[in-house]
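target_13.pdb, holding PDB, C-alpha atoms and all ligand atoms:
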```pdb
ATOM      1  CA  MET A  28      26.420 103.602  18.481
ATOM      2  CA  ARG A  29      29.920 104.179  19.784
ATOM      3  CA  LYS A  30      28.336 105.756  22.854
ATOM      4  CA  ALA A  31      26.387 102.528  23.466
ATOM      5  CA  PHE A  32      29.607 100.548  23.100
ATOM      6  CA  LEU A  33      31.321 102.778  25.661
ATOM      7  CA  VAL A  34      28.401 102.379  28.088
ATOM      8  CA  VAL A  35      28.637  98.571  27.834
ATOM      9  CA  ASN A  36      32.430  98.838  28.162
ATOM     10  CA  ALA A  37      32.024 100.893  31.348
ATOM     11  CA  LEU A  38      29.510  98.390  32.767
ATOM     12  CA  LEU A  39      31.928  95.561  31.991
ATOM     13  CA  THR A  40      34.788  97.358  33.753
ATOM     14  CA  LEU A  41      32.567  98.047  36.778
ATOM     15  CA  SER A  42      31.464  94.415  36.853
ATOM     16  CA  LEU A  43      35.120  93.311  36.826
ATOM     17  CA  ILE A  44      35.957  95.677  39.692
ATOM     18  CA  ALA A  45      32.988  94.210  41.595
ATOM     19  CA  GLN A  46      34.337  90.742  40.746
ATOM     20  CA  LEU A  47      37.563  91.502  42.616
ATOM     21  CA  TYR A  48      35.549  92.746  45.594
ATOM     22  CA  PHE A  49      33.381  89.607  45.546
ATOM     23  CA  ALA A  50      36.525  87.428  45.438
ATOM     24  CA  ALA A  51      37.884  89.128  48.552
ATOM     25  CA  LEU A  52      34.432  88.911  50.169
ATOM     26  CA  GLY A  53      34.522  85.149  49.668
ATOM     27  CA  VAL A  54      38.070  84.819  50.962
ATOM     28  CA  PHE A  55      37.520  86.942  54.086
ATOM     29  CA  SER A  56      34.188  85.406  55.169
ATOM     30  CA  PRO A  57      33.483  82.062  56.847
ATOM     31  CA  PRO A  58      32.988  79.294  54.223
ATOM     32  CA  GLU A  59      29.567  78.437  55.686
ATOM     33  CA  ASP A  60      28.290  81.922  54.699
ATOM     34  CA  GLU A  61      28.948  80.950  51.062
ATOM     35  CA  LEU A  62      29.609  84.558  50.070
ATOM     36  CA  PHE A  63      31.763  83.348  47.188
ATOM     37  CA  ARG A  64      28.468  82.771  45.375
ATOM     38  CA  PHE A  65      28.355  86.445  44.332
ATOM     39  CA  HIS A  66      31.738  86.018  42.621
ATOM     40  CA  ALA A  67      30.627  82.781  40.957
ATOM     41  CA  MET A  68      27.286  84.263  39.793
ATOM     42  CA  ASN A  69      28.836  87.435  38.401
ATOM     43  CA  GLY A  70      31.575  85.373  36.731
ATOM     44  CA  ARG A  71      29.295  82.754  35.209
ATOM     45  CA  PHE A  72      26.350  84.895  34.101
ATOM     46  CA  ILE A  73      26.822  88.675  34.108
ATOM     47  CA  LEU A  74      30.400  88.879  32.802
ATOM     48  CA  PRO A  75      29.861  86.466  29.860
ATOM     49  CA  VAL A  76      26.702  88.319  28.776
ATOM     50  CA  LEU A  77      28.433  91.710  29.029
ATOM     51  CA  ILE A  78      31.442  90.482  27.037
ATOM     52  CA  ILE A  79      29.240  89.109  24.238
ATOM     53  CA  VAL A  80      27.240  92.367  24.052
ATOM     54  CA  TRP A  81      30.562  94.280  24.159
ATOM     55  CA  ILE A  82      31.850  92.353  21.120
ATOM     56  CA  VAL A  83      28.585  92.689  19.168
ATOM     57  CA  PHE A  84      28.367  96.430  19.855
ATOM     58  CA  GLY A  85      32.016  96.725  18.844
ATOM     59  CA  PHE A  86      31.176  95.343  15.398
ATOM     60  CA  ILE A  87      28.084  97.537  15.019
ATOM     61  CA  ALA A  88      29.936 100.663  16.155
ATOM     62  CA  ARG A  89      32.859  99.880  13.814
ATOM     63  CA  ILE A  90      35.473 100.424  16.476
ATOM     64  CA  GLY A  91      38.306  99.257  14.223
ATOM     65  CA  ARG A  92      40.064  95.956  13.634
ATOM     66  CA  THR A  93      42.568  96.206  16.500
ATOM     67  CA  SER A  94      39.914  97.103  19.045
ATOM     68  CA  ILE A  95      37.699  94.258  17.806
ATOM     69  CA  ILE A  96      40.618  91.847  18.192
ATOM     70  CA  LEU A  97      41.151  93.191  21.728
ATOM     71  CA  THR A  98      37.509  92.475  22.617
ATOM     72  CA  PHE A  99      38.031  88.865  21.469
ATOM     73  CA  VAL A 100      41.184  88.689  23.601
ATOM     74  CA  GLY A 101      38.871  89.696  26.481
ATOM     75  CA  LEU A 102      36.555  86.804  25.661
ATOM     76  CA  VAL A 103      39.502  84.383  25.658
ATOM     77  CA  LEU A 104      40.763  85.767  29.000
ATOM     78  CA  LEU A 105      37.309  85.261  30.535
ATOM     79  CA  ALA A 106      37.078  81.706  29.188
ATOM     80  CA  LEU A 107      40.521  81.003  30.641
ATOM     81  CA  GLN A 108      39.193  82.008  34.091
ATOM     82  CA  THR A 109      37.249  78.724  33.968
ATOM     83  CA  GLY A 110      40.044  77.037  32.010
ATOM     84  CA  TYR A 111      42.526  77.374  34.898
ATOM     85  CA  PHE A 112      40.125  75.393  37.125
ATOM     86  CA  LEU A 113      39.738  72.728  34.433
ATOM     87  CA  ILE A 114      43.510  72.426  33.899
ATOM     88  CA  ALA A 115      44.164  72.224  37.661
ATOM     89  CA  GLY A 116      41.346  69.653  37.923
ATOM     90  CA  ALA A 117      42.978  67.572  35.188
ATOM     91  CA  MET A 118      46.214  67.760  37.206
ATOM     92  CA  GLY A 119      44.468  66.323  40.263
ATOM     93  CA  ALA A 120      43.162  69.378  42.140
ATOM     94  CA  THR A 121      39.721  69.143  43.738
ATOM     95  CA  PRO A 122      37.361  72.057  44.501
ATOM     96  CA  PRO A 123      36.072  73.086  47.963
ATOM     97  CA  PRO A 124      34.761  71.919  50.416
ATOM     98  CA  ASN A 125      37.380  69.133  50.218
ATOM     99  CA  GLU A 126      39.966  71.277  48.523
ATOM    100  CA  TYR A 127      43.117  69.465  47.473
ATOM    101  CA  THR A 128      45.815  71.268  45.485
ATOM    102  CA  PRO A 129      48.674  68.866  44.743
ATOM    103  CA  GLY A 130      51.945  69.588  42.937
ATOM    104  CA  ALA A 131      51.950  72.646  40.677
ATOM    105  CA  THR A 132      48.177  73.160  40.714
ATOM    106  CA  PRO A 133      48.290  76.218  43.043
ATOM    107  CA  TYR A 134      50.466  77.951  40.426
ATOM    108  CA  VAL A 135      47.913  77.169  37.735
ATOM    109  CA  LEU A 136      45.013  78.315  39.929
ATOM    110  CA  ALA A 137      46.840  81.538  40.844
ATOM    111  CA  LEU A 138      46.763  82.479  37.135
ATOM    112  CA  HIS A 139      43.043  83.077  37.791
ATOM    113  CA  GLY A 140      43.877  86.237  39.773
ATOM    114  CA  LEU A 141      46.394  87.427  37.185
ATOM    115  CA  GLY A 142      44.138  86.696  34.194
ATOM    116  CA  GLY A 143      41.184  88.513  35.770
ATOM    117  CA  THR A 144      43.329  91.567  36.453
ATOM    118  CA  LEU A 145      44.619  91.542  32.865
ATOM    119  CA  LEU A 146      41.021  91.409  31.654
ATOM    120  CA  LEU A 147      40.121  94.408  33.813
ATOM    121  CA  LEU A 148      43.076  96.398  32.445
ATOM    122  CA  LEU A 149      42.180  95.372  28.887
ATOM    123  CA  THR A 150      38.664  96.782  29.221
ATOM    124  CA  VAL A 151      40.053 100.101  30.508
ATOM    125  CA  TRP A 152      42.484 100.220  27.588
ATOM    126  CA  VAL A 153      39.783  99.483  24.992
ATOM    127  CA  PHE A 154      37.512 102.119  26.574
ATOM    128  CA  PHE A 155      40.082 104.889  26.156
ATOM    129  CA  ARG A 156      41.148 103.629  22.708
ATOM    130  CA  VAL A 157      37.594 103.788  21.402
ATOM    131  CA  ARG A 158      36.751 107.032  23.194
ATOM    132  CA  GLY A 159      39.804 108.603  21.566
ATOM    133  CA  MET A 160      38.516 107.763  18.081
ATOM    134  CA  GLY A 161      36.880 111.165  17.682
ATOM    135  CA  PRO A 162      33.506 112.833  18.286
ATOM    136  CA  LEU A 163      30.819 110.542  19.701
ATOM    137  CA  GLY A 164      27.413 110.003  18.135
ATOM    138  CA  ARG A 165      28.458 108.641  14.758
ATOM    139  CA  SER A 166      30.470 105.678  13.578
ATOM    140  CA  SER A 167      33.408 106.029  11.218
ATOM    141  CA  ALA A 168      31.166 104.826   8.364
ATOM    142  CA  GLU A 169      28.829 107.762   8.924
ATOM    143  CA  THR A 170      31.577 110.356   8.582
ATOM    144  CA  THR A 171      31.034 112.156   5.297
ATOM    145  CA  ALA A 172      33.738 113.296   2.952
ATOM    146  CA  SER A 173      32.714 116.926   3.432
ATOM    147  CA  GLU A 174      33.661 116.801   7.104
ATOM    148  CA  PRO A 175      37.320 116.837   8.104
ATOM    149  CA  VAL A 176      38.299 113.675  10.018
ATOM    150  CA  THR A 177      39.948 114.667  13.289
ATOM    151  CA  SER A 178      40.101 111.204  14.817
ATOM    152  CA  THR A 179      43.240 109.117  15.262
ATOM    153  CA  PRO A 180      43.786 106.027  13.062
ATOM    154  CA  THR A 181      41.921 102.960  14.336
ATOM    155  CA  THR A 182      43.625 100.123  12.469
TER     156      THR A 182
HETATM  157  C1  LIG F   1      38.564  90.430  37.951
HETATM  158  C2  LIG F   1      39.136  89.303  38.343
HETATM  159  C3  LIG F   1      38.431  87.968  38.293
HETATM  160  C4  LIG F   1      37.594  87.466  37.331
HETATM  161  C5  LIG F   1      37.177  88.108  36.026
HETATM  162  C6  LIG F   1      37.151  86.174  37.793
HETATM  163  C7  LIG F   1      36.288  85.349  37.097
HETATM  164  C8  LIG F   1      35.749  84.184  37.589
HETATM  165  C9  LIG F   1      34.832  83.341  36.901
HETATM  166  C10 LIG F   1      34.340  83.590  35.468
HETATM  167  C11 LIG F   1      34.519  82.318  37.706
HETATM  168  C12 LIG F   1      33.533  81.182  37.421
HETATM  169  C13 LIG F   1      34.345  79.989  36.959
HETATM  170  C14 LIG F   1      33.461  78.782  36.745
HETATM  171  O1  LIG F   1      32.988  78.246  37.723
HETATM  172  O2  LIG F   1      33.278  78.409  35.593
HETATM  173  C15 LIG F   1      35.259  82.477  38.925
HETATM  174  C16 LIG F   1      35.230  81.604  39.991
HETATM  175  C17 LIG F   1      36.096  81.659  41.054
HETATM  176  N1  LIG F   1      37.036  82.638  41.291
HETATM  177 FE1  LIG F   1      37.372  84.263  40.162
HETATM  178  N2  LIG F   1      37.732  85.903  39.007
HETATM  179  C18 LIG F   1      38.528  86.971  39.333
HETATM  180  C19 LIG F   1      39.307  87.116  40.452
HETATM  181  C20 LIG F   1      39.449  86.153  41.434
HETATM  182  C21 LIG F   1      40.345  86.245  42.534
HETATM  183  C22 LIG F   1      41.289  87.428  42.829
HETATM  184  C23 LIG F   1      40.201  85.117  43.246
HETATM  185  C24 LIG F   1      40.970  84.807  44.502
HETATM  186  C25 LIG F   1      40.455  84.353  45.546
HETATM  187  C26 LIG F   1      39.188  84.296  42.600
HETATM  188  C27 LIG F   1      38.738  83.060  43.011
HETATM  189  C28 LIG F   1      37.718  82.317  42.451
HETATM  190  C29 LIG F   1      37.186  81.058  42.983
HETATM  191  C30 LIG F   1      37.671  80.335  44.232
HETATM  192  C31 LIG F   1      36.151  80.674  42.120
HETATM  193  C32 LIG F   1      35.254  79.448  42.244
HETATM  194  C33 LIG F   1      33.987  79.927  42.925
HETATM  195  C34 LIG F   1      32.958  78.824  43.059
HETATM  196  O3  LIG F   1      32.737  78.097  42.083
HETATM  197  O4  LIG F   1      32.388  78.741  44.137
HETATM  198  N3  LIG F   1      38.751  84.965  41.492
HETATM  199  N4  LIG F   1      35.997  83.615  38.826
END
```
Before we go any further, please render this structure as C-alpha cells.
Amino acid sequence: MRKAFLVVNALLTLSLIAQLYFAALGVFSPPEDELFRFHAMNGRFILPVLIIVWIVFGFIARIGRTSIILTFVGLVLLALQTGYFLIAGAMGATPPPNEYTPGATPYVLALHGLGGTLLLLLTVWVFFRVRGMGPLGRSSAETTASEPVTSTPTT
C-alpha cells in the first residue's frame, strides 16, 4: 500500500510542477488566448482530488503520524492558494479582465507563488520521508515480530 501512496505522491508532485508551467504559460501568452485555464483547471480539479487521495492513502498505508500531519499541511497550503485571492478580494482587489490591485493586495496575491512552491517542496519531502521508511510492499502493521525492523522511526 505504501507503493500506491508513493505513486500518488509522485503524481501530485508532477501535477504541481505542471502547475508552475501552466502559470508561466498564462503569464507569457496573450490574455485573449486564455491559456491560464490550464492552470485554473489543474488547480481547481486535479490537485484537490490528488491531495485527498494522497491523504487517504497515507492513512491506509500507515505512513506515520508526522507524515500524516504533513499531508494535512499540504491540504491547508492548497486551500490557501484560493484563500489569498479571497483575502485580496476582501481588501478590494478585483480579478481579470478588469484587474485592480490596490494597496497591499499585490503582496497578498504574491503569497500564491510562494505557497505553491512550498507545497511542491512539501510533497518532495514527504515522498522521500515515506520511501525511507523501509522495504516497500508492506505497511508497518504487517511487519511481524520475527522479522528484524530495519526502517527508521516514523513518529
Ligand atoms: C505550484 C504552484 C501553484 C499552485 C499549487 C497554484 C494553485 C492554484 C489554484 C488551486 C488556483 C485556483 C484558485 C481558485 O480559483 O480557486 C490557482 C489560480 C491561479 N493562479 Fe496559481 N498556483 C501556483 C502557482 C502560480 C503562480 C507562480 C502564479 C503566477 C502567475 C499563479 C497565478 C494564478 C492565477 C492568476 C490564478 C487565477 C486563474 C483564473 O482563475 O483564471 N499561480 N492557482
*Run through the PyMOL selection byres (((not hetatm)) within 10 of (chain F and resi 1)) on the given coordinates and return the selected residues as a VMD selection string.*
chain A and resid 39 to 55 61 to 75 101 104 to 113 122 to 124 136 to 148
*By how many Å are atom CA of A:Ala131 and atom CA of A:Gly119 apart?*
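Going from atom CA of A:Ala131 over to atom CA of A:Gly119, I get 9.8 Å.
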*What gap, in Å, lies between atom CA of A:Ile95 and atom CA of A:Met28?*
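Atom CA of A:Met28 lies 14.7 Å from atom CA of A:Ile95.
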*If you measure from atom CA of A:Thr132 to atom CA of A:Ala115, what distance in Å do you get, rounded to one decimal?*
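These atoms are spaced 5.1 Å apart.
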*Run the PyMOL selection byres (((chain A and resi 94) around 12) and not hetatm) on the file and write out the hits as a PyMOL selection string.*
chain A and resi 32+36+81-82+84-86+88-93+95-101+149-160+180-182
As lines of an AutoDock Vina configuration file, what would the box around stretch 123-132 of chain A look like: edges along x, y and z, 4 Å added on every side, centre and edge lengths in Å to one decimal?
```
center_x = 43.4
center_y = 71.0
center_z = 45.5
size_x = 25.2
size_y = 12.3
size_z = 17.7
```
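The residue that comes closest to A:Arg29, out of A:Leu102, A:Ile114, A:Val83, A:Val135 and on the basis of all atoms listed in the file, is A:Val83.
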Using the structure just given, write a file holding N, CA, C and O atoms for stretch 41-64 of chain A, as a short mmCIF file (atom, residue, chain, number, x, y, z; two decimals), in the first residue's frame.
```
data_model
loop_
_atom_site.label_atom_id
_atom_site.label_comp_id
_atom_site.auth_asym_id
_atom_site.auth_seq_id
_atom_site.Cartn_x
_atom_site.Cartn_y
_atom_site.Cartn_z
N LEU A 41 4.29 15.81 -9.74
CA LEU A 41 4.33 16.12 -11.18
C LEU A 41 3.25 17.14 -11.54
O LEU A 41 3.48 18.06 -12.34
N SER A 42 2.07 16.98 -10.94
CA SER A 42 0.98 17.91 -11.22
C SER A 42 1.32 19.32 -10.73
O SER A 42 0.93 20.32 -11.35
N LEU A 43 2.06 19.40 -9.63
CA LEU A 43 2.47 20.72 -9.10
C LEU A 43 3.54 21.35 -9.99
O LEU A 43 3.55 22.57 -10.20
N ILE A 44 4.44 20.51 -10.52
CA ILE A 44 5.44 21.04 -11.46
C ILE A 44 4.74 21.57 -12.71
O ILE A 44 5.03 22.66 -13.20
N ALA A 45 3.75 20.79 -13.20
CA ALA A 45 2.96 21.23 -14.36
C ALA A 45 2.23 22.54 -14.04
O ALA A 45 2.11 23.43 -14.89
N GLN A 46 1.79 22.66 -12.78
CA GLN A 46 1.06 23.87 -12.37
C GLN A 46 1.92 25.12 -12.53
O GLN A 46 1.43 26.18 -12.95
N LEU A 47 3.20 25.00 -12.20
CA LEU A 47 4.11 26.14 -12.37
C LEU A 47 4.26 26.46 -13.86
O LEU A 47 4.27 27.63 -14.26
N TYR A 48 4.39 25.40 -14.67
CA TYR A 48 4.50 25.62 -16.12
C TYR A 48 3.24 26.31 -16.65
O TYR A 48 3.32 27.25 -17.44
N PHE A 49 2.07 25.83 -16.22
CA PHE A 49 0.81 26.41 -16.69
C PHE A 49 0.67 27.87 -16.26
O PHE A 49 0.09 28.69 -16.99
N ALA A 50 1.21 28.19 -15.06
CA ALA A 50 1.16 29.59 -14.60
C ALA A 50 1.97 30.47 -15.56
O ALA A 50 1.52 31.52 -16.01
N ALA A 51 3.19 30.00 -15.87
CA ALA A 51 4.04 30.78 -16.78
C ALA A 51 3.42 30.84 -18.17
O ALA A 51 3.49 31.88 -18.85
N LEU A 52 2.78 29.75 -18.59
CA LEU A 52 2.10 29.73 -19.90
C LEU A 52 1.05 30.83 -19.95
O LEU A 52 0.92 31.55 -20.95
N GLY A 53 0.30 30.97 -18.86
CA GLY A 53 -0.73 32.01 -18.81
C GLY A 53 -0.14 33.40 -18.82
O GLY A 53 -0.65 34.31 -19.48
N VAL A 54 0.96 33.56 -18.08
CA VAL A 54 1.59 34.89 -17.98
C VAL A 54 2.21 35.32 -19.32
O VAL A 54 2.10 36.48 -19.72
N PHE A 55 2.84 34.36 -20.02
CA PHE A 55 3.57 34.71 -21.24
C PHE A 55 2.76 34.54 -22.53
O PHE A 55 3.34 34.50 -23.62
N SER A 56 1.45 34.44 -22.42
CA SER A 56 0.61 34.33 -23.63
C SER A 56 -0.40 35.48 -23.63
O SER A 56 -0.72 36.03 -22.57
N PRO A 57 -0.90 35.86 -24.80
CA PRO A 57 -1.88 36.95 -24.85
C PRO A 57 -3.13 36.57 -24.06
O PRO A 57 -3.59 35.42 -24.15
N PRO A 58 -3.70 37.51 -23.28
CA PRO A 58 -4.87 37.20 -22.45
C PRO A 58 -6.02 36.59 -23.25
O PRO A 58 -6.73 35.71 -22.74
N GLU A 59 -6.17 37.03 -24.53
CA GLU A 59 -7.30 36.51 -25.32
C GLU A 59 -7.17 35.01 -25.62
O GLU A 59 -8.16 34.36 -25.94
N ASP A 60 -5.96 34.46 -25.52
CA ASP A 60 -5.79 33.01 -25.74
C ASP A 60 -6.29 32.19 -24.54
O ASP A 60 -6.46 30.98 -24.64
N GLU A 61 -6.45 32.87 -23.42
CA GLU A 61 -6.99 32.25 -22.19
C GLU A 61 -6.24 30.96 -21.79
O GLU A 61 -6.86 29.99 -21.37
N LEU A 62 -4.93 30.98 -21.94
CA LEU A 62 -4.16 29.77 -21.61
C LEU A 62 -4.00 29.57 -20.10
O LEU A 62 -3.51 28.54 -19.66
N PHE A 63 -4.43 30.56 -19.32
CA PHE A 63 -4.41 30.40 -17.87
C PHE A 63 -5.42 29.33 -17.44
O PHE A 63 -5.39 28.85 -16.30
N ARG A 64 -6.32 28.96 -18.37
CA ARG A 64 -7.36 28.00 -17.98
C ARG A 64 -6.76 26.65 -17.58
O ARG A 64 -7.33 25.95 -16.75
#
```
